[in-house]
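Worksheet: the structure to be examined is printed underneath.
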Amino acid sequence: MEQNEIHPNEIELTPRETVEKLDEHIIGQKNAKRAVAIALRNRTRRRKLDAEMKEEVYPKNIIMIGPTGVGKTEIARRLSKLCGAPFIKVEATKYTEVGYVGRDVESMIRDLANISLNMVKQEFKERVTDKAREKAEELLLDILLPAPPTSAANQSGANSNLSPASSPIGFQDSPEDPNARYVASREMMRNKLKAGKLDDHEVEIDIPQSTGTGMPMLQVFGAGNMEDLDNQLQNVLGDLMPKKSKKKKMKVKDAFQSLSDQEADKLLDPDKVQSEAKKRVEEMGIIFLDEIDKIAGRESRAGADVSREGVQRDLLPIVEGATVSTKLGPIKTDHILFIAAGAFHMSKPSDLIPEMQGRFPIRVELEKLSMDDFVKILTATKSSLTRQYEALLGTEGVELVFATDGIAEIARLAFEMNEKNENIGARRLNTIMEKLLEDISFDAPDLAPDDKKVHVDEQFVRNKLQEIVEDKDLSKYIL
């Protein structure tokens, strides 16, 4: 098993490369991108230090401050695809103070541990894919073409008791060696299997069943930090119970994939995978804590705000460095990077308790989006809204053509609506684009061939949206 040693595959991007990757999907917010890029690079630098110094270098947690719709959450989403490290995005609002019904803050570390475990398992499976597929192929051939009874009987010296009718078709007794004919038929079947000629045939295979089911009495522990007790007890008891399986009919193509996954799991070294997953959480883990402004409340507040400060105090030891029990064993959170974000409309960062403020030394302000930013969002990003609608309606044979003046008019309307009403940033573009193309989206399948090409210019945009924009009451609810 040593040849299958698992190594971290975190993508070592330079800060400049990270910013360039983020630029493909997010417009502006240079300072936030730089801060995140430097934090990611520091993880790589730390791993190259000697053991003594490495232990002393702690991550510099980041807090991003800015209105809704400017790219805070999108930065986190894109970051998770870039870093190649265990990453989880969580909402601060779903956690409650110990003693209240809800999730406790330690569950975010347990969730991160599960993500790391799945990541390492997947990497290991990729390393043994060829071997697993070979074994799955043999198992599938055994099902499709069982060994002739005469072969087994010859080995036991009892073949004289078998009648020709008891042999599978094509394996009746003859002067030829039945084993040779079986091997030849098996190779013929193997070639058909590889060529995909058997994909639509149905076979019956054994599917392993989880032993952790059927114990509803454990569900009585439902709240607070008892939420994972059910899973933990089931894992312990599952090891003591015999493994169960059930037979299931499926097509050969699906059966081959299922058997490949089963064989890959058998080749997995649980201790090695668990050790590597734990190491990655502790050394490379990143937690994006969104909506942190929603738990920034003064102690004097009452009602629904009563547990806000309690959540912060529960969160504090996790961010500072604590040990959390998980399915991988105890996880130390000292070197996990935390990136927090919030709009801070109703509160400000100074409303966080002083200890929490001190644990997020890097603060980044995200700018409000301008009209030029809206134009770039519509055209410059890799998966811009205009490209998305062109692709979607293209499946119906409709050719959307966005003129420069049309895009400028959409951007102007989005900017004005944000100024007049609540500023929801780039999300306003989704609302306007959907309303603008509503009729075309509805009529697309029924359009005549001559009407399949649609030019979205300034006049088109005004005809569709001007009345709604001018009616203040209407625009407030529609746009």
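We name chains A, B, ... following the order of the structure tokens; residues begin at 1 in each chain, and ligands are numbered from 1 as shown.
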- DSSP-assigned helix (DSSP H, G or I) among segment 243-402 of chain A, expressed as an MDAnalysis selection string: chainID A and resid 252:266 270:284 292:295 303:305 308:320 349:351 354:358 371:379 385:394
- Neighbours of Ala380 of chain A within 9 Å (only C-alpha atoms; same-chain residues fewer than 6 positions away dropped), as an MDAnalysis selection string? chainID A and resid 24:25 27
- Task: Do a neighbour search on Phe256 of chain A at 7 Å with only C-alpha atoms, toss out local chain neighbours closer than 2 positions, and write the hits as number ranges by chain.
- Result: A: 136-137, 140, 252-254, 258-260
Which residues of segment 235-296 of chain A come within 12 Å of segment 47-50 of chain A, and for each one, what is the closest pair of atoms and their distance in Å to one decimal, counting only C-alpha atoms, sorted by chain and residue number, as a tab-separated table?
residue	atom	partner	partner_atom	distance
A:Lys279	CA	A:Arg47	CA	11.6
A:Arg280	CA	A:Arg47	CA	11.1
A:Glu282	CA	A:Arg47	CA	11.6
A:Glu283	CA	A:Arg47	CA	8.0
A:Met284	CA	A:Arg47	CA	9.1
- Task: Considering only C-alpha atoms, state which residue in the set A:Thr404, A:Tyr58, A:Gly342, A:Arg127 is at the smallest distance from Arg46 of chain A.
- Result: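 Among the listed residues, the smallest separation from Arg46 of chain A belongs to A:Tyr58.
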- Message: Would you pick out the contacts of Ala39 of chain A at 12 Å or less, using only C-alpha atoms, so that residues sharing its chain but fewer than 6 positions from it are not included, and give the list as JSON, numbers by chain?
- Response: {"A": [13, 14, 15, 18, 19, 32, 33, 45, 46, 58, 59, 60, 61, 62, 63, 79, 83, 284, 286, 335, 336, 337, 338, 339, 362]}
For the selection just defined, write its residues with N, CA and C atoms to a file, as a tab-separated table (two decimals), in the first residue's frame.
chain	number	residue	atom	x	y	z
A	13	LEU	N	-0.75	28.47	-6.15
A	13	LEU	CA	-0.83	29.67	-6.98
A	13	LEU	C	-0.12	30.82	-6.30
A	14	THR	N	0.56	31.65	-7.07
A	14	THR	CA	1.13	32.88	-6.52
A	14	THR	C	-0.01	33.85	-6.25
A	15	PRO	N	0.20	34.85	-5.39
A	15	PRO	CA	-0.87	35.82	-5.14
A	15	PRO	C	-1.39	36.47	-6.42
A	18	THR	N	-3.64	34.02	-8.23
A	18	THR	CA	-4.93	33.90	-7.55
A	18	THR	C	-5.84	35.05	-7.91
A	19	VAL	N	-5.30	36.27	-7.89
A	19	VAL	CA	-6.09	37.45	-8.24
A	19	VAL	C	-6.57	37.37	-9.69
A	32	ALA	N	-9.84	43.18	-1.59
A	32	ALA	CA	-10.30	41.91	-1.01
A	32	ALA	C	-9.59	40.73	-1.68
A	33	LYS	N	-9.45	40.80	-2.99
A	33	LYS	CA	-8.77	39.71	-3.72
A	33	LYS	C	-7.32	39.59	-3.29
A	45	ARG	N	3.58	28.92	2.21
A	45	ARG	CA	4.88	29.29	2.79
A	45	ARG	C	5.09	28.61	4.14
A	46	ARG	N	4.02	28.56	4.93
A	46	ARG	CA	4.16	27.98	6.27
A	46	ARG	C	4.54	26.51	6.21
A	58	TYR	N	0.85	31.63	12.95
A	58	TYR	CA	-0.60	31.48	12.96
A	58	TYR	C	-1.21	32.24	11.79
A	59	PRO	N	-2.36	31.78	11.29
A	59	PRO	CA	-2.99	32.49	10.17
A	59	PRO	C	-3.52	33.85	10.60
A	60	LYS	N	-3.49	34.80	9.68
A	60	LYS	CA	-4.05	36.14	9.93
A	60	LYS	C	-5.45	36.15	9.34
A	61	ASN	N	-6.43	36.01	10.23
A	61	ASN	CA	-7.82	35.92	9.78
A	61	ASN	C	-8.29	37.24	9.16
A	62	ILE	N	-9.22	37.14	8.22
A	62	ILE	CA	-9.67	38.29	7.44
A	62	ILE	C	-11.16	38.53	7.68
A	63	ILE	N	-11.55	39.81	7.73
A	63	ILE	CA	-12.97	40.15	7.75
A	63	ILE	C	-13.24	41.10	6.59
A	79	LEU	N	-13.06	30.83	-4.43
A	79	LEU	CA	-11.87	30.45	-3.67
A	79	LEU	C	-11.85	28.96	-3.38
A	83	CYS	N	-8.37	26.75	-4.26
A	83	CYS	CA	-7.34	26.45	-3.26
A	83	CYS	C	-6.97	24.98	-3.18
A	284	MET	N	-4.35	22.98	6.54
A	284	MET	CA	-4.76	23.68	5.32
A	284	MET	C	-6.22	24.14	5.34
A	286	ILE	N	-9.80	25.91	5.62
A	286	ILE	CA	-10.28	27.29	5.49
A	286	ILE	C	-11.78	27.31	5.74
A	335	HIS	N	-4.51	26.46	13.43
A	335	HIS	CA	-3.98	26.92	12.15
A	335	HIS	C	-5.02	26.90	11.03
A	336	ILE	N	-6.29	26.80	11.39
A	336	ILE	CA	-7.35	26.92	10.39
A	336	ILE	C	-7.55	28.41	10.08
A	337	LEU	N	-7.64	28.75	8.80
A	337	LEU	CA	-7.83	30.14	8.39
A	337	LEU	C	-9.33	30.46	8.36
A	338	PHE	N	-9.69	31.56	9.02
A	338	PHE	CA	-11.08	32.02	9.04
A	338	PHE	C	-11.19	33.31	8.22
A	339	ILE	N	-12.13	33.31	7.28
A	339	ILE	CA	-12.42	34.52	6.50
A	339	ILE	C	-13.88	34.85	6.76
A	362	ILE	N	-7.05	41.49	9.90
A	362	ILE	CA	-7.05	42.08	8.56
A	362	ILE	C	-8.48	42.42	8.18
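Of the residues under consideration (A:Val70, A:Met64, A:Ile410, A:Val398), A:Val398 shows the shortest atom-to-atom contact distance to Lys452 of chain A when counting only C-alpha atoms.
With distances restricted to only C-alpha atoms, A:Val120 is the closest residue to Ser275 of chain A from A:Leu447, A:Val120, A:Val364, A:Met371.
Each of A:Lys192, A:His345, A:Lys89, A:Arg34 was compared to Thr73 of chain A using only C-alpha atoms, and A:Lys89 turns out to be the nearest.
For the residues A:Pro445, A:Glu106, A:Phe360, A:Asn179, ranking by smallest atom-to-atom distance to Ala322 of chain A using only C-alpha atoms places A:Glu106 first.
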- Determine the nearest neighbour of Glu202 of chain A from the options A:Ala255, A:Leu40, A:Leu267, A:Arg190, counting only C-alpha atoms.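 Ranking A:Ala255, A:Leu40, A:Leu267, A:Arg190 by distance to Glu202 of chain A, first place goes to A:Ala255.
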- In Å, how far is it from atom CA of Asp111 of chain A to atom CA of Lys72 of chain A?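 Distance reported for this atom pair: 21.5 Å.
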